[in-house]
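Data block below; observations after.
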Protein chains: 2
Amino acid sequence: MSNLLTTSDEILASARALIMTGGYNGFSYADIAAVVGIRKASIHHHFPSKTDLVRTLVVRYREDAEAGIAGLEQQVRNPLALLQAYAGHWAQCIEDASRPFCVCALLASELPALPPEVAAEVKAFFRFASTWLTSVMERGAQDGSLKLSSEPRVEAEAFMASVHGAMLSARAYGTPEVFATILAPTLQRLSPTAAR
Amino acid sequence: MSNLLTTSDEILASARALIMTGGYNGFSYADIAAVVGIRKASIHHHFPSKTDLVRTLVVRYREDAEAGIAGLEQQVRNPLALLQAYAGHWAQCIEDASRPFCVCALLASELPALPPEVAAEVKAFFRFASTWLTSVMERGAQDGSLKLSSEPRVEAEAFMASVHGAMLSARAYGTPEVFATILAPTLQRLSPTAAR
DNA sequence: GACAGCCTTCCTACTGGAAGGTAGATACAG
DNA sequence: CTGTATCTACCTTCCAGTAGGAAGGCTGTC
């Protein structure tokens, strides 16, 4: 109780770490119990079913992302800088190896095999990210800080796809730098200072 | 014996379909047995362990890809057209919903949780795809059929990342068209006829 | 041609362990 | 004395994998 982290927070944190390495079917309550230092049954007290656990995990993940982006928007005004900060966030996560993959990108690849409640939340995360990126693209097109070659929504989807694909490649090659290498030309292309 | 498909081929085919929906941990020998119409133990006769099964599946997958690309290279000479054909292949797979995801892209997301033998083969697939795409980019840069804004290898990695990310988005949104929508501007940008 | 042996394929039946989940008791705080 | 958090003990189901045998085809030998 007097801990900095509540038990349910610890459960969620270790579940996230486990999902990031092996996906939804890649972890069990026993794995979490071993990490957190409690018994399986105690986890069921906090999250009656695995579906409950992962659903609240994804909801929390989106809420954190929303808060993080809201904070970023207050610090950074320039749309290009926002995209760079977004890419930089993931680059750091991948290189830290502490959070080497976006939970939702990983869960999205398993979508058809996920419990419907979890799948719905994963889809909601994609819509949220897409909506935000689209708004950044729109602002960039208006104030000239971004040079778009397609509609803002299409550019946003393409940007998000690049980020997710680059994560996958970084993981496949085992070389985190690959992420930045792939994102650099993508950001370069969106920059108005780029030649031709 | 007189079948068009051998039993082991049928096992591999249904394993591939199952992996494409739920990944490595998302299927069991029992699932395959139900589809193929034999007993679990019979699968063990063909593939002693799950690792064996998936490893040969990935090896076969890469061999098929190599053969497919070799055939494509004989039909199509123009590098831009090669990239379009490559993207078109995946677009068709996704829309057919028969093969809605690249097996290796899916397995790559689970890499840290995969048996080492399988992980090694998945990595080999990524290296193969990257090497081929790099060679296409190099030829395109030489004969002017592609307009690169970075080194061929970087363009190849970025292109592959776009394809994989677009697959993920198409799955997340449940709308196959998203794949083509994302790939279109990517191909457009590589085309020499594109303005600026 | 018939038998014998072998190989392949598939089967039933089983094992040990891990999965998600439940029942019910205990400890303790407000 | 009620609610929260944790425990032990257990359940059912599923998992990958094994043992051993039945069926049938292929081949060599007499």
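Starting from 1 in every chain, residues are counted up; chains themselves are A, B, ... following the order of the structure tokens, and ligands are numbered from 1 as listed.
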Near chain C, meaning an atom within 12 Å, which residues of chain A appear when counting only C-alpha atoms (C1' of nucleotides)? Write them as a list in words. Met1, Asn25, Gly26, Phe27, Ser28, Tyr29, Ala30, Asp31, Lys40, Ala41, Ser42, Ile43, His44, His45, Phe47, Pro48, Ser49, Lys50 and Thr51 of chain A
Residues of the last selection are to be written out with N, CA and C atoms, as a short mmCIF file (atom, residue, chain, number, x, y, z; two decimals), in the first residue's frame.
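Wrote it out as part31.cif, contents follow:
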```
data_model
loop_
_atom_site.label_atom_id
_atom_site.label_comp_id
_atom_site.auth_asym_id
_atom_site.auth_seq_id
_atom_site.Cartn_x
_atom_site.Cartn_y
_atom_site.Cartn_z
N MET A 1 0.83 -1.22 0.00
CA MET A 1 0.00 0.00 0.00
C MET A 1 0.87 1.27 0.00
N ASN A 25 -0.15 -14.29 -26.66
CA ASN A 25 -0.06 -15.71 -26.31
C ASN A 25 1.33 -16.10 -25.80
N GLY A 26 2.20 -15.12 -25.70
CA GLY A 26 3.57 -15.42 -25.32
C GLY A 26 3.84 -15.27 -23.84
N PHE A 27 2.82 -15.00 -23.05
CA PHE A 27 3.03 -14.90 -21.60
C PHE A 27 1.86 -15.52 -20.85
N SER A 28 2.09 -15.82 -19.59
CA SER A 28 1.05 -16.42 -18.76
C SER A 28 1.01 -15.74 -17.39
N TYR A 29 -0.06 -16.02 -16.67
CA TYR A 29 -0.16 -15.49 -15.30
C TYR A 29 1.01 -15.97 -14.46
N ALA A 30 1.47 -17.18 -14.71
CA ALA A 30 2.60 -17.71 -13.95
C ALA A 30 3.86 -16.86 -14.18
N ASP A 31 4.05 -16.39 -15.42
CA ASP A 31 5.21 -15.55 -15.73
C ASP A 31 5.16 -14.26 -14.92
N LYS A 40 -0.18 -16.66 -8.56
CA LYS A 40 -1.12 -16.56 -9.68
C LYS A 40 -2.49 -16.08 -9.24
N ALA A 41 -3.01 -16.70 -8.17
CA ALA A 41 -4.37 -16.39 -7.74
C ALA A 41 -4.52 -14.92 -7.37
N SER A 42 -3.45 -14.33 -6.87
CA SER A 42 -3.52 -12.91 -6.47
C SER A 42 -3.70 -12.01 -7.69
N ILE A 43 -3.15 -12.44 -8.82
CA ILE A 43 -3.32 -11.65 -10.03
C ILE A 43 -4.79 -11.67 -10.45
N HIS A 44 -5.42 -12.82 -10.28
CA HIS A 44 -6.83 -12.93 -10.64
C HIS A 44 -7.69 -12.02 -9.77
N HIS A 45 -7.22 -11.71 -8.56
CA HIS A 45 -7.96 -10.77 -7.71
C HIS A 45 -7.99 -9.38 -8.36
N PHE A 47 -7.13 -8.71 -11.70
CA PHE A 47 -7.67 -8.82 -13.06
C PHE A 47 -8.28 -10.20 -13.23
N PRO A 48 -9.59 -10.29 -13.10
CA PRO A 48 -10.27 -11.60 -13.12
C PRO A 48 -9.84 -12.50 -14.27
N SER A 49 -9.67 -11.95 -15.45
CA SER A 49 -9.26 -12.79 -16.58
C SER A 49 -8.12 -12.13 -17.34
N LYS A 50 -7.47 -12.92 -18.16
CA LYS A 50 -6.37 -12.40 -18.96
C LYS A 50 -6.86 -11.30 -19.90
N THR A 51 -8.06 -11.49 -20.40
CA THR A 51 -8.66 -10.47 -21.26
C THR A 51 -8.78 -9.14 -20.52
#
```
Would you list the contacts of A:Pro115 as a VMD selection string, taking every protein, DNA or RNA residue within 12 Å and counting only C-alpha atoms (C1' of nucleotides), but skipping same-chain residues closer than 2 positions in sequence? (chain A and resid 24 to 25 49 to 55 107 to 108 110 to 113 117 to 122) or (chain B and resid 22)
Which residues are near stretch 57-69 of chain A? Cut-off 9 Å, only C-alpha atoms (C1' of nucleotides), ignore same chain within fewer than 4 positions. Put them as number ranges by chain. A: 12-13, 15-16, 52-53, 73-74, 86, 103-104, 118, 121-122, 124-125, 128-129, 132
Mind dumping the selected residues with N, CA and C atoms as a compact mmCIF listing (two decimals), in the first residue's frame?
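The new file result_27.txt reads:
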```
# COMPACT_ATOMS: atom_id res chain seq x y z
N LEU A 12 0.60 -4.79 -14.29
CA LEU A 12 0.47 -4.22 -15.63
C LEU A 12 1.83 -3.99 -16.26
N ALA A 13 2.77 -3.49 -15.47
CA ALA A 13 4.10 -3.20 -16.01
C ALA A 13 4.79 -4.47 -16.48
N ALA A 15 3.35 -7.29 -17.27
CA ALA A 15 2.59 -7.83 -18.41
C ALA A 15 3.00 -7.11 -19.69
N ARG A 16 3.18 -5.80 -19.60
CA ARG A 16 3.58 -5.05 -20.78
C ARG A 16 4.94 -5.52 -21.28
N ASP A 52 -9.28 -9.19 -19.27
CA ASP A 52 -9.38 -7.97 -18.46
C ASP A 52 -8.02 -7.29 -18.34
N LEU A 53 -7.03 -8.10 -18.00
CA LEU A 53 -5.69 -7.56 -17.80
C LEU A 53 -5.17 -6.84 -19.03
N GLU A 73 2.77 18.54 -27.27
CA GLU A 73 2.17 19.63 -28.05
C GLU A 73 2.36 20.98 -27.36
N GLN A 74 2.45 20.95 -26.02
CA GLN A 74 2.64 22.22 -25.30
C GLN A 74 4.08 22.70 -25.39
N TYR A 86 8.37 12.50 -32.16
CA TYR A 86 7.64 11.22 -32.15
C TYR A 86 8.58 10.08 -32.55
N VAL A 103 3.56 -1.73 -27.95
CA VAL A 103 2.65 -2.80 -27.55
C VAL A 103 1.53 -2.99 -28.57
N CYS A 104 0.99 -1.88 -29.04
CA CYS A 104 -0.16 -1.98 -29.93
C CYS A 104 0.23 -2.47 -31.31
N VAL A 118 -10.05 -6.87 -26.44
CA VAL A 118 -8.68 -6.38 -26.59
C VAL A 118 -8.48 -5.84 -28.01
N GLU A 121 -9.72 -2.35 -28.47
CA GLU A 121 -8.88 -1.29 -27.88
C GLU A 121 -7.63 -1.04 -28.72
N VAL A 122 -7.09 -2.11 -29.30
CA VAL A 122 -5.91 -1.96 -30.16
C VAL A 122 -6.29 -1.12 -31.38
N ALA A 124 -8.62 1.04 -31.52
CA ALA A 124 -8.83 2.42 -31.05
C ALA A 124 -7.50 3.15 -30.95
N PHE A 125 -6.46 2.44 -30.54
CA PHE A 125 -5.15 3.09 -30.45
C PHE A 125 -4.66 3.52 -31.84
N PHE A 128 -6.50 6.58 -32.87
CA PHE A 128 -6.02 7.75 -32.13
C PHE A 128 -4.71 8.27 -32.74
N ALA A 129 -3.74 7.35 -32.92
CA ALA A 129 -2.44 7.75 -33.46
C ALA A 129 -2.59 8.35 -34.85
N TRP A 132 -4.12 11.90 -34.65
CA TRP A 132 -3.15 12.91 -34.21
C TRP A 132 -2.15 13.23 -35.32
```
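For the pair atom CA of A:Ala156 and atom CA of B:Gln84, the separation is 21.3 Å.
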Residues of chain D within 12 Å of chain B, counting only C-alpha atoms (C1' of nucleotides) - could you list those as a ChimeraX atom specification? /D:14-19,24-25
Test item: chain A residues at most 9 Å from chain B, counting only C-alpha atoms, as a PyMOL selection string: chain A and resi 20-26+101+105-106+108-114+119+122-123+126-127+149-150+154-155+157-169+171-174+178+181-183+185-186+189+195-196
Step one, run DSSP on the backbone; step two, keep only residues of stretch 11-132 of chain A assigned to helix (DSSP H, G or I); then write them as a ChimeraX atom specification. /A:11-22,24-26,29-36,40-46,50-75,79-96,103-109,111-113,116-132
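Using only C-alpha atoms (C1' of nucleotides), the shortest contact distance between D:DC7 and any of A:Leu187, A:Ser14, A:Ala180, A:Ile38 is found at A:Ile38.
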